[in-house]
file final-v8.txt (compact mmCIF, N, CA and C atoms and all ligand atoms)
# COMPACT_ATOMS: atom_id res chain seq x y z
N MET L 1 155.12 74.75 198.08
CA MET L 1 155.51 75.76 199.08
C MET L 1 154.62 77.00 198.91
N PRO L 2 153.93 77.45 199.99
CA PRO L 2 153.08 78.64 199.86
C PRO L 2 153.91 79.90 199.57
N THR L 3 153.25 80.90 198.98
CA THR L 3 153.94 82.16 198.68
C THR L 3 154.10 82.98 199.95
N LYS L 4 155.27 83.55 200.13
CA LYS L 4 155.49 84.39 201.31
C LYS L 4 154.85 85.76 201.07
N PRO L 5 154.08 86.27 202.06
CA PRO L 5 153.32 87.49 201.86
C PRO L 5 154.18 88.75 201.83
N ASP L 6 155.39 88.66 202.30
CA ASP L 6 156.19 89.86 202.51
C ASP L 6 157.51 89.71 201.73
N ALA L 7 157.38 89.56 200.42
CA ALA L 7 158.56 89.30 199.58
C ALA L 7 159.63 90.36 199.81
N GLY L 8 160.85 89.94 199.89
CA GLY L 8 161.95 90.89 200.07
C GLY L 8 162.44 90.93 201.49
N ARG L 9 161.64 90.40 202.41
CA ARG L 9 162.09 90.39 203.79
C ARG L 9 163.28 89.45 203.97
N GLU L 10 164.20 89.84 204.83
CA GLU L 10 165.35 88.97 205.07
C GLU L 10 164.98 87.88 206.06
N THR L 11 165.44 86.68 205.76
CA THR L 11 165.19 85.54 206.65
C THR L 11 165.68 85.85 208.06
N GLY L 12 164.87 85.53 209.03
CA GLY L 12 165.33 85.61 210.42
C GLY L 12 165.01 86.90 211.13
N TYR L 13 164.58 87.92 210.43
CA TYR L 13 164.38 89.19 211.11
C TYR L 13 163.05 89.84 210.71
N ALA L 14 162.04 89.59 211.51
CA ALA L 14 160.74 90.21 211.26
C ALA L 14 160.86 91.71 211.45
N GLU L 15 160.29 92.48 210.52
CA GLU L 15 160.40 93.95 210.64
C GLU L 15 159.72 94.47 211.90
N ASN L 16 158.66 93.81 212.32
CA ASN L 16 157.94 94.27 213.52
C ASN L 16 158.42 93.58 214.79
N TYR L 17 159.54 92.88 214.72
CA TYR L 17 160.05 92.16 215.89
C TYR L 17 160.44 93.16 216.98
N ASP L 18 159.99 92.89 218.20
CA ASP L 18 160.29 93.76 219.35
C ASP L 18 161.60 93.29 220.01
N HIS L 19 162.66 94.02 219.75
CA HIS L 19 163.97 93.60 220.27
C HIS L 19 164.08 93.76 221.79
N ASP L 20 163.08 94.37 222.40
CA ASP L 20 163.09 94.52 223.86
C ASP L 20 162.25 93.45 224.56
N ASN L 21 161.71 92.48 223.81
CA ASN L 21 160.91 91.46 224.50
C ASN L 21 161.83 90.62 225.38
N VAL L 22 161.21 89.99 226.38
CA VAL L 22 162.00 89.35 227.44
C VAL L 22 162.88 88.20 226.91
N PHE L 23 162.42 87.50 225.89
CA PHE L 23 163.24 86.40 225.37
C PHE L 23 164.40 86.93 224.53
N ALA L 24 164.22 88.07 223.87
CA ALA L 24 165.36 88.70 223.18
C ALA L 24 166.43 89.08 224.20
N LYS L 25 166.00 89.57 225.35
CA LYS L 25 166.95 89.95 226.41
C LYS L 25 167.65 88.73 226.97
N ILE L 26 166.91 87.62 227.10
CA ILE L 26 167.54 86.37 227.56
C ILE L 26 168.57 85.90 226.54
N LEU L 27 168.22 85.96 225.24
CA LEU L 27 169.17 85.53 224.20
C LEU L 27 170.43 86.39 224.22
N ARG L 28 170.29 87.67 224.51
CA ARG L 28 171.46 88.55 224.56
C ARG L 28 172.21 88.45 225.89
N GLY L 29 171.68 87.67 226.82
CA GLY L 29 172.33 87.52 228.12
C GLY L 29 172.11 88.70 229.04
N GLU L 30 171.12 89.54 228.73
CA GLU L 30 170.88 90.73 229.55
C GLU L 30 170.07 90.40 230.81
N ILE L 31 169.26 89.34 230.72
CA ILE L 31 168.60 88.84 231.92
C ILE L 31 168.85 87.34 232.00
N PRO L 32 168.92 86.80 233.21
CA PRO L 32 169.29 85.39 233.35
C PRO L 32 168.14 84.44 233.01
N CYS L 33 168.50 83.20 232.75
CA CYS L 33 167.50 82.15 232.62
C CYS L 33 168.10 80.88 233.21
N ASN L 34 167.25 79.95 233.54
CA ASN L 34 167.68 78.64 234.06
C ASN L 34 167.81 77.70 232.87
N LYS L 35 168.96 77.75 232.21
CA LYS L 35 169.17 77.08 230.93
C LYS L 35 169.27 75.57 231.08
N VAL L 36 168.63 74.83 230.17
CA VAL L 36 168.79 73.38 230.15
C VAL L 36 169.52 72.90 228.90
N TYR L 37 169.54 73.74 227.84
CA TYR L 37 170.19 73.31 226.59
C TYR L 37 170.39 74.53 225.69
N GLU L 38 171.48 74.49 224.91
CA GLU L 38 171.71 75.55 223.91
C GLU L 38 172.54 74.97 222.78
N ASP L 39 172.19 75.35 221.55
CA ASP L 39 173.06 75.06 220.39
C ASP L 39 172.95 76.23 219.43
N ASP L 40 173.38 76.04 218.17
CA ASP L 40 173.38 77.15 217.20
C ASP L 40 171.98 77.64 216.86
N TYR L 41 170.97 76.80 217.06
CA TYR L 41 169.63 77.13 216.58
C TYR L 41 168.62 77.38 217.68
N ALA L 42 168.89 76.94 218.88
CA ALA L 42 167.86 76.97 219.93
C ALA L 42 168.46 77.17 221.32
N LEU L 43 167.65 77.76 222.17
CA LEU L 43 167.96 77.87 223.60
C LEU L 43 166.75 77.34 224.35
N ALA L 44 166.98 76.52 225.38
CA ALA L 44 165.89 75.97 226.18
C ALA L 44 166.14 76.28 227.65
N PHE L 45 165.08 76.71 228.33
CA PHE L 45 165.22 77.09 229.74
C PHE L 45 163.89 76.88 230.46
N HIS L 46 163.96 76.78 231.78
CA HIS L 46 162.75 76.57 232.57
C HIS L 46 161.87 77.82 232.55
N ASP L 47 160.56 77.59 232.43
CA ASP L 47 159.59 78.69 232.51
C ASP L 47 159.63 79.28 233.92
N ILE L 48 159.54 80.60 234.01
CA ILE L 48 159.62 81.28 235.30
C ILE L 48 158.37 81.02 236.16
N ASN L 49 157.28 80.64 235.51
CA ASN L 49 156.02 80.41 236.21
C ASN L 49 155.44 79.06 235.76
N PRO L 50 156.06 77.95 236.23
CA PRO L 50 155.73 76.64 235.66
C PRO L 50 154.28 76.22 235.88
N GLN L 51 153.70 75.64 234.82
CA GLN L 51 152.31 75.16 234.86
C GLN L 51 152.23 73.64 235.03
N ALA L 52 153.38 73.00 235.17
CA ALA L 52 153.45 71.54 235.35
C ALA L 52 154.78 71.26 236.05
N PRO L 53 154.96 70.04 236.60
CA PRO L 53 156.24 69.74 237.27
C PRO L 53 157.45 70.00 236.37
N VAL L 54 157.32 69.70 235.08
CA VAL L 54 158.34 70.11 234.10
C VAL L 54 157.68 71.10 233.14
N HIS L 55 158.26 72.27 233.02
CA HIS L 55 157.75 73.28 232.08
C HIS L 55 158.96 74.04 231.54
N VAL L 56 159.34 73.65 230.32
CA VAL L 56 160.54 74.22 229.69
C VAL L 56 160.12 74.92 228.41
N LEU L 57 160.77 76.03 228.12
CA LEU L 57 160.54 76.78 226.89
C LEU L 57 161.72 76.55 225.95
N VAL L 58 161.42 76.35 224.67
CA VAL L 58 162.47 76.24 223.66
C VAL L 58 162.26 77.37 222.67
N ILE L 59 163.30 78.18 222.46
CA ILE L 59 163.16 79.33 221.57
C ILE L 59 164.25 79.26 220.48
N PRO L 60 163.91 79.73 219.27
CA PRO L 60 164.93 79.77 218.23
C PRO L 60 165.88 80.95 218.46
N LYS L 61 167.08 80.84 217.91
CA LYS L 61 168.04 81.94 218.02
C LYS L 61 167.66 83.11 217.09
N GLY L 62 166.97 82.81 215.99
CA GLY L 62 166.52 83.86 215.07
C GLY L 62 165.38 84.67 215.65
N HIS L 63 165.17 85.86 215.10
CA HIS L 63 164.19 86.80 215.64
C HIS L 63 162.83 86.61 214.97
N TYR L 64 162.10 85.61 215.45
CA TYR L 64 160.77 85.31 214.91
C TYR L 64 159.73 85.58 215.98
N THR L 65 158.65 86.27 215.58
CA THR L 65 157.68 86.71 216.59
C THR L 65 156.79 85.58 217.11
N SER L 66 156.55 84.57 216.29
CA SER L 66 155.63 83.50 216.70
C SER L 66 155.81 82.31 215.78
N PHE L 67 155.05 81.24 216.03
CA PHE L 67 155.09 80.07 215.14
C PHE L 67 154.69 80.47 213.73
N ASP L 68 153.70 81.35 213.62
CA ASP L 68 153.25 81.79 212.29
C ASP L 68 154.42 82.40 211.52
N ASP L 69 155.16 83.25 212.18
CA ASP L 69 156.32 83.92 211.57
C ASP L 69 157.42 82.90 211.25
N PHE L 70 157.73 82.06 212.21
CA PHE L 70 158.81 81.08 212.05
C PHE L 70 158.51 80.12 210.90
N SER L 71 157.28 79.60 210.88
CA SER L 71 156.95 78.59 209.87
C SER L 71 156.94 79.20 208.47
N ASN L 72 156.74 80.52 208.38
CA ASN L 72 156.72 81.17 207.08
C ASN L 72 158.10 81.63 206.63
N TRP L 73 158.95 82.03 207.57
CA TRP L 73 160.18 82.72 207.22
C TRP L 73 161.48 82.02 207.57
N ALA L 74 161.47 81.11 208.48
CA ALA L 74 162.74 80.45 208.84
C ALA L 74 163.23 79.62 207.66
N ASP L 75 164.54 79.54 207.49
CA ASP L 75 165.05 78.70 206.41
C ASP L 75 165.12 77.25 206.89
N GLU L 76 165.46 76.38 205.95
CA GLU L 76 165.41 74.94 206.25
C GLU L 76 166.32 74.57 207.43
N ALA L 77 167.51 75.13 207.44
CA ALA L 77 168.46 74.80 208.51
C ALA L 77 167.93 75.25 209.87
N GLU L 78 167.30 76.44 209.90
CA GLU L 78 166.75 76.94 211.16
C GLU L 78 165.61 76.05 211.65
N MET L 79 164.74 75.66 210.70
CA MET L 79 163.60 74.82 211.12
C MET L 79 164.08 73.45 211.59
N THR L 80 164.95 72.85 210.80
CA THR L 80 165.44 71.53 211.18
C THR L 80 166.19 71.60 212.50
N GLY L 81 167.09 72.57 212.61
CA GLY L 81 167.88 72.70 213.84
C GLY L 81 167.00 72.94 215.05
N PHE L 82 165.98 73.79 214.89
CA PHE L 82 165.11 74.11 216.02
C PHE L 82 164.32 72.89 216.48
N PHE L 83 163.68 72.20 215.54
CA PHE L 83 162.82 71.07 215.95
C PHE L 83 163.65 69.88 216.42
N GLN L 84 164.83 69.70 215.86
CA GLN L 84 165.71 68.65 216.39
C GLN L 84 166.12 68.98 217.82
N ALA L 85 166.42 70.24 218.07
CA ALA L 85 166.79 70.65 219.42
C ALA L 85 165.64 70.41 220.40
N ALA L 86 164.42 70.77 219.99
CA ALA L 86 163.26 70.59 220.87
C ALA L 86 163.06 69.11 221.21
N GLY L 87 163.19 68.25 220.20
CA GLY L 87 163.07 66.81 220.45
C GLY L 87 164.17 66.31 221.37
N HIS L 88 165.37 66.79 221.15
CA HIS L 88 166.50 66.39 222.00
C HIS L 88 166.27 66.81 223.46
N VAL L 89 165.76 68.02 223.63
CA VAL L 89 165.50 68.51 224.99
C VAL L 89 164.47 67.62 225.69
N ALA L 90 163.35 67.34 225.00
CA ALA L 90 162.31 66.52 225.61
C ALA L 90 162.82 65.10 225.92
N ARG L 91 163.56 64.54 224.98
CA ARG L 91 163.99 63.13 225.08
C ARG L 91 165.19 62.96 225.99
N GLU L 92 166.31 63.56 225.58
CA GLU L 92 167.57 63.28 226.30
C GLU L 92 167.78 64.19 227.51
N VAL L 93 167.43 65.47 227.38
CA VAL L 93 167.73 66.40 228.48
C VAL L 93 166.71 66.23 229.61
N LEU L 94 165.42 66.16 229.26
CA LEU L 94 164.38 66.08 230.28
C LEU L 94 163.92 64.65 230.55
N GLY L 95 164.20 63.73 229.65
CA GLY L 95 163.85 62.32 229.85
C GLY L 95 162.35 62.06 229.86
N LEU L 96 161.61 62.80 229.01
CA LEU L 96 160.15 62.71 229.06
C LEU L 96 159.53 61.76 228.03
N ALA L 97 160.34 61.26 227.10
CA ALA L 97 159.75 60.55 225.96
C ALA L 97 158.98 59.29 226.38
N ASP L 98 159.49 58.55 227.33
CA ASP L 98 158.83 57.30 227.69
C ASP L 98 157.46 57.53 228.34
N LYS L 99 157.40 58.41 229.29
CA LYS L 99 156.13 58.64 230.01
C LYS L 99 155.19 59.55 229.24
N GLY L 100 155.75 60.44 228.41
CA GLY L 100 154.92 61.33 227.61
C GLY L 100 155.02 62.78 228.05
N TYR L 101 154.68 63.65 227.15
CA TYR L 101 154.75 65.09 227.41
C TYR L 101 153.86 65.81 226.40
N ARG L 102 153.74 67.10 226.56
CA ARG L 102 152.94 67.92 225.64
C ARG L 102 153.80 69.08 225.15
N ILE L 103 153.70 69.40 223.84
CA ILE L 103 154.31 70.64 223.36
C ILE L 103 153.19 71.56 222.90
N LEU L 104 153.43 72.85 223.06
CA LEU L 104 152.38 73.83 222.76
C LEU L 104 153.05 75.12 222.31
N ALA L 105 152.45 75.77 221.33
CA ALA L 105 152.92 77.10 220.90
C ALA L 105 151.72 78.01 220.76
N ASN L 106 151.72 79.13 221.44
CA ASN L 106 150.65 80.11 221.33
C ASN L 106 151.02 81.14 220.27
N HIS L 107 150.03 81.49 219.43
CA HIS L 107 150.25 82.55 218.44
C HIS L 107 149.16 83.59 218.56
N GLY L 108 149.55 84.83 218.74
CA GLY L 108 148.62 85.94 218.65
C GLY L 108 147.64 86.05 219.81
N VAL L 109 146.71 86.97 219.65
CA VAL L 109 145.80 87.35 220.74
C VAL L 109 144.90 86.19 221.16
N GLU L 110 144.22 85.57 220.22
CA GLU L 110 143.31 84.48 220.59
C GLU L 110 144.06 83.23 221.03
N GLY L 111 145.31 83.11 220.59
CA GLY L 111 146.14 82.00 221.06
C GLY L 111 146.71 82.22 222.44
N GLY L 112 146.58 83.46 222.95
CA GLY L 112 147.05 83.76 224.30
C GLY L 112 148.55 83.98 224.40
N GLN L 113 149.19 84.36 223.29
CA GLN L 113 150.64 84.59 223.31
C GLN L 113 150.97 85.86 224.10
N GLU L 114 151.91 85.72 225.04
CA GLU L 114 152.32 86.88 225.85
C GLU L 114 153.67 87.43 225.41
N VAL L 115 154.59 86.56 225.10
CA VAL L 115 155.95 87.02 224.74
C VAL L 115 156.12 86.88 223.22
N PRO L 116 156.42 88.00 222.53
CA PRO L 116 156.45 87.98 221.06
C PRO L 116 157.78 87.52 220.47
N HIS L 117 158.25 86.40 220.95
CA HIS L 117 159.37 85.68 220.32
C HIS L 117 158.94 84.21 220.31
N PHE L 118 158.95 83.59 219.12
CA PHE L 118 158.45 82.22 219.00
C PHE L 118 159.04 81.32 220.09
N HIS L 119 158.17 80.55 220.74
CA HIS L 119 158.65 79.58 221.73
C HIS L 119 157.71 78.39 221.75
N LEU L 120 158.31 77.23 222.00
CA LEU L 120 157.55 76.02 222.29
C LEU L 120 157.56 75.81 223.78
N HIS L 121 156.40 75.50 224.35
CA HIS L 121 156.34 75.05 225.73
C HIS L 121 156.47 73.52 225.72
N ILE L 122 157.26 72.96 226.60
CA ILE L 122 157.27 71.51 226.84
C ILE L 122 156.77 71.29 228.26
N PHE L 123 155.65 70.55 228.37
CA PHE L 123 155.07 70.25 229.69
C PHE L 123 155.21 68.76 229.96
N GLY L 124 155.49 68.39 231.19
CA GLY L 124 155.56 66.98 231.53
C GLY L 124 155.66 66.78 233.03
N GLY L 125 155.86 65.51 233.41
CA GLY L 125 156.07 65.20 234.82
C GLY L 125 154.81 64.84 235.57
N LYS L 126 153.67 64.82 234.90
CA LYS L 126 152.42 64.36 235.53
C LYS L 126 151.42 64.04 234.42
N GLN L 127 150.30 63.45 234.77
CA GLN L 127 149.21 63.24 233.80
C GLN L 127 148.62 64.62 233.52
N LEU L 128 148.71 65.06 232.26
CA LEU L 128 148.39 66.45 231.95
C LEU L 128 146.90 66.73 231.75
N GLY L 129 146.10 65.69 231.61
CA GLY L 129 144.66 65.92 231.53
C GLY L 129 144.23 66.43 230.17
N SER L 130 143.05 67.09 230.14
CA SER L 130 142.48 67.48 228.85
C SER L 130 143.30 68.57 228.20
N MET L 131 143.19 68.66 226.89
CA MET L 131 144.10 69.51 226.12
C MET L 131 143.84 70.99 226.36
N LEU L 132 142.56 71.38 226.45
CA LEU L 132 142.22 72.79 226.64
C LEU L 132 141.35 72.94 227.88
N ALA L 133 141.48 74.12 228.53
CA ALA L 133 140.59 74.39 229.67
C ALA L 133 139.15 74.39 229.19
N LYS L 134 138.26 73.85 230.02
CA LYS L 134 136.84 73.80 229.62
C LYS L 134 136.22 75.18 229.69
P1 LIG X 1 153.11 82.58 226.06
O1 LIG X 1 151.84 82.92 226.75
O2 LIG X 1 153.69 83.76 225.32
O3 LIG X 1 153.00 81.36 225.18
O4 LIG X 1 154.12 82.13 227.19
C1 LIG X 1 155.10 82.95 227.71
C2 LIG X 1 155.75 82.20 228.84
O5 LIG X 1 156.94 82.87 229.19
C3 LIG X 1 154.90 82.12 230.11
O6 LIG X 1 154.69 80.76 230.45
C4 LIG X 1 155.72 82.86 231.15
O7 LIG X 1 155.65 82.28 232.44
C5 LIG X 1 157.13 82.78 230.57
N1 LIG X 1 158.00 83.90 230.94
C6 LIG X 1 157.70 85.22 230.92
N2 LIG X 1 158.74 85.96 231.30
C7 LIG X 1 159.75 85.07 231.57
C8 LIG X 1 161.08 85.24 232.04
O8 LIG X 1 161.58 86.34 232.27
N3 LIG X 1 161.82 84.12 232.21
C9 LIG X 1 161.30 82.86 231.96
N4 LIG X 1 162.11 81.83 232.18
N5 LIG X 1 160.05 82.68 231.54
C10 LIG X 1 159.27 83.77 231.34
call {"tool": "encode", "arguments": {"input": "final-v8.txt", "output": "structure tokens"}}
result
Amino acid sequence: MPTKPDAGRETGYAENYDHDNVFAKILRGEIPCNKVYEDDYALAFHDINPQAPVHVLVIPKGHYTSFDDFSNWADEAEMTGFFQAAGHVAREVLGLADKGYRILANHGVEGGQEVPHFHLHIFGGKQLGSMLAK
């Protein structure tokens, strides 16, 4: 297990987490979302600006800014619960497992991350083509 760079930090709450980001507001119910699934660890909802016939976002309930933050700081139950939820959404809720789908997580500036709360994109519903824009 790698050493955590910020010893003493409490699990689940990044000190630099922006509590006013749009996904924090969705989690608090302050703005609506088109929900497809929710449990103790994750919330999944349709992207407001879909890039494929199916474009769903899966976010953890904990306050993690990105995949980098989540993979370093989430505890075992949060990680397991989150990834099980994402698989369940793709398989049972969206029915994408047989035909195929893509998951993607952007981190930071060069990754093109816009919303600073960790989220997985699930894309499907068509042949998605090459992995990155040329
Ligand atoms: P990122 O670039 O951070 O990986 O992706 C952020 C995603 O959040 C984008 O695909 C964008 O369309 C989506 N998004 C931004 N604001 C909202 C919102 O208020 N509601 C929903 N459902 N999606 C949003």
call {"tool": "residues_near_ligand", "arguments": {"input": "final-v8.txt", "ligand": "ligand LIG 1 (chain X)", "cutoff": "10 Å", "atoms": "only C-alpha atoms and all ligand atoms", "output": "PyMOL selection string"}}
result
chain L and resi 21-23+25-26+31-35+44-51+55-57+66+104-109+111-121
call {"tool": "select_by_dssp", "arguments": {"input": "final-v8.txt", "residues": "range 23-78 of chain L", "states": "strand (DSSP E)", "output": "NGL selection string"}}
result
:L and (35-38 or 42-46 or 54-60)
call {"tool": "atom_distance", "arguments": {"input": "final-v8.txt", "atom1": "CA of Gly125 in chain L", "atom2": "CA of Ala52 in chain L"}}
result
6.9 Å
call {"tool": "atom_distance", "arguments": {"input": "final-v8.txt", "atom1": "CA of His88 in chain L", "atom2": "CA of Thr65 in chain L"}}
result
22.8 Å
call {"tool": "select_by_dssp", "arguments": {"input": "final-v8.txt", "residues": "chain L", "states": "alpha helix (DSSP H)", "output": "PyMOL selection string"}}
result
chain L and resi 22-27+67-73+76-88+108-111
call {"tool": "closest_residue", "arguments": {"input": "final-v8.txt", "among": "L:Met79, L:Ala24, L:Ala85, L:Leu128", "to": "Tyr101 in chain L", "atoms": "all atoms listed in the file"}}
result
L:Leu128
call {"tool": "residues_around", "arguments": {"input": "final-v8.txt", "residues": "Gly81 in chain L", "least_positions_apart": "2", "cutoff": "12 Å", "atoms": "only C-alpha atoms", "output": "number ranges by chain"}}
result
L: 38-43, 58-62, 74-79, 83-88
call {"tool": "atom_distance", "arguments": {"input": "final-v8.txt", "atom1": "atom C of Val54 in chain L", "atom2": "atom N of Ile103 in chain L"}}
result
10.3 Å
call {"tool": "closest_residue", "arguments": {"input": "final-v8.txt", "among": "L:Tyr17, L:Phe82, L:Phe123, L:Tyr37", "to": "His63 in chain L", "atoms": "all atoms listed in the file"}}
result
L:Tyr17
call {"tool": "decode", "arguments": {"input": "final-v8.txt", "residues": "range 21-105 of chain L", "atoms": "C-alpha atoms", "output": "mmCIF file, in the first residue's frame"}}
result
data_model
loop_
_atom_site.group_PDB
_atom_site.id
_atom_site.type_symbol
_atom_site.label_atom_id
_atom_site.label_comp_id
_atom_site.auth_asym_id
_atom_site.auth_seq_id
_atom_site.Cartn_x
_atom_site.Cartn_y
_atom_site.Cartn_z
ATOM 1 C CA ASN L 21 -19.512 22.228 -6.866
ATOM 2 C CA VAL L 22 -22.509 21.111 -8.877
ATOM 3 C CA PHE L 23 -22.319 17.445 -7.860
ATOM 4 C CA ALA L 24 -22.147 18.373 -4.159
ATOM 5 C CA LYS L 25 -25.361 20.344 -4.726
ATOM 6 C CA ILE L 26 -26.944 17.349 -6.473
ATOM 7 C CA LEU L 27 -25.940 15.089 -3.550
ATOM 8 C CA ARG L 28 -27.549 17.539 -1.109
ATOM 9 C CA GLY L 29 -30.687 17.664 -3.247
ATOM 10 C CA GLU L 30 -30.265 21.391 -3.885
ATOM 11 C CA ILE L 31 -30.405 20.932 -7.645
ATOM 12 C CA PRO L 32 -32.233 18.135 -9.450
ATOM 13 C CA CYS L 33 -30.768 15.260 -11.411
ATOM 14 C CA ASN L 34 -32.244 12.518 -13.578
ATOM 15 C CA LYS L 35 -31.369 9.698 -11.178
ATOM 16 C CA VAL L 36 -30.948 6.105 -12.350
ATOM 17 C CA TYR L 37 -29.570 4.531 -9.154
ATOM 18 C CA GLU L 38 -28.634 5.341 -5.548
ATOM 19 C CA ASP L 39 -27.290 3.404 -2.572
ATOM 20 C CA ASP L 40 -25.153 4.141 0.510
ATOM 21 C CA TYR L 41 -21.997 4.633 -1.559
ATOM 22 C CA ALA L 42 -22.983 6.007 -4.946
ATOM 23 C CA LEU L 43 -25.449 8.095 -6.910
ATOM 24 C CA ALA L 44 -25.881 7.657 -10.681
ATOM 25 C CA PHE L 45 -27.686 10.059 -12.993
ATOM 26 C CA HIS L 46 -27.853 11.050 -16.653
ATOM 27 C CA ASP L 47 -25.287 13.588 -17.858
ATOM 28 C CA ILE L 48 -26.925 16.937 -18.653
ATOM 29 C CA ASN L 49 -25.000 17.150 -21.939
ATOM 30 C CA PRO L 50 -24.813 13.559 -23.231
ATOM 31 C CA GLN L 51 -21.931 12.589 -25.527
ATOM 32 C CA ALA L 52 -23.471 9.222 -26.495
ATOM 33 C CA PRO L 53 -26.987 7.705 -26.607
ATOM 34 C CA VAL L 54 -26.338 6.530 -23.035
ATOM 35 C CA HIS L 55 -24.213 8.836 -20.879
ATOM 36 C CA VAL L 56 -24.535 8.319 -17.146
ATOM 37 C CA LEU L 57 -22.375 9.683 -14.333
ATOM 38 C CA VAL L 58 -21.654 7.685 -11.185
ATOM 39 C CA ILE L 59 -20.426 9.654 -8.175
ATOM 40 C CA PRO L 60 -19.408 8.545 -4.683
ATOM 41 C CA LYS L 61 -21.313 9.855 -1.663
ATOM 42 C CA GLY L 62 -18.009 10.878 -0.005
ATOM 43 C CA HIS L 63 -16.390 14.222 -0.780
ATOM 44 C CA TYR L 64 -13.556 13.267 -3.115
ATOM 45 C CA THR L 65 -12.300 15.739 -5.695
ATOM 46 C CA SER L 66 -11.207 13.231 -8.358
ATOM 47 C CA PHE L 67 -10.115 9.654 -9.024
ATOM 48 C CA ASP L 68 -6.670 10.585 -7.717
ATOM 49 C CA ASP L 69 -8.191 11.689 -4.412
ATOM 50 C CA PHE L 70 -10.634 8.772 -4.186
ATOM 51 C CA SER L 71 -8.062 6.088 -4.954
ATOM 52 C CA ASN L 72 -5.738 7.520 -2.305
ATOM 53 C CA TRP L 73 -8.189 8.316 0.476
ATOM 54 C CA ALA L 74 -11.390 6.308 0.226
ATOM 55 C CA ASP L 75 -11.610 3.400 2.642
ATOM 56 C CA GLU L 76 -12.162 -0.169 1.530
ATOM 57 C CA ALA L 77 -15.926 -0.102 2.008
ATOM 58 C CA GLU L 78 -16.254 3.119 -0.001
ATOM 59 C CA MET L 79 -14.141 1.773 -2.863
ATOM 60 C CA THR L 80 -15.870 -1.578 -2.964
ATOM 61 C CA GLY L 81 -19.322 -0.049 -2.639
ATOM 62 C CA PHE L 82 -18.636 2.547 -5.319
ATOM 63 C CA PHE L 83 -17.229 0.185 -7.951
ATOM 64 C CA GLN L 84 -19.888 -2.445 -7.282
ATOM 65 C CA ALA L 85 -22.521 0.239 -7.759
ATOM 66 C CA ALA L 86 -20.933 1.378 -11.044
ATOM 67 C CA GLY L 87 -20.900 -2.194 -12.355
ATOM 68 C CA HIS L 88 -24.493 -2.708 -11.273
ATOM 69 C CA VAL L 89 -25.570 0.483 -13.047
ATOM 70 C CA ALA L 90 -23.864 -0.510 -16.318
ATOM 71 C CA ARG L 91 -25.079 -4.127 -16.175
ATOM 72 C CA GLU L 92 -28.500 -4.255 -14.557
ATOM 73 C CA VAL L 93 -29.770 -0.663 -14.666
ATOM 74 C CA LEU L 94 -28.584 0.326 -18.148
ATOM 75 C CA GLY L 95 -28.290 -3.169 -19.676
ATOM 76 C CA LEU L 96 -25.014 -2.370 -21.435
ATOM 77 C CA ALA L 97 -22.856 -5.363 -20.525
ATOM 78 C CA ASP L 98 -23.691 -7.555 -23.508
ATOM 79 C CA LYS L 99 -23.148 -4.988 -26.259
ATOM 80 C CA GLY L 100 -20.369 -3.127 -24.462
ATOM 81 C CA TYR L 101 -19.715 0.280 -22.989
ATOM 82 C CA ARG L 102 -16.900 2.608 -21.934
ATOM 83 C CA ILE L 103 -16.078 4.035 -18.507
ATOM 84 C CA LEU L 104 -13.943 7.120 -18.150
ATOM 85 C CA ALA L 105 -12.738 9.364 -15.328
#
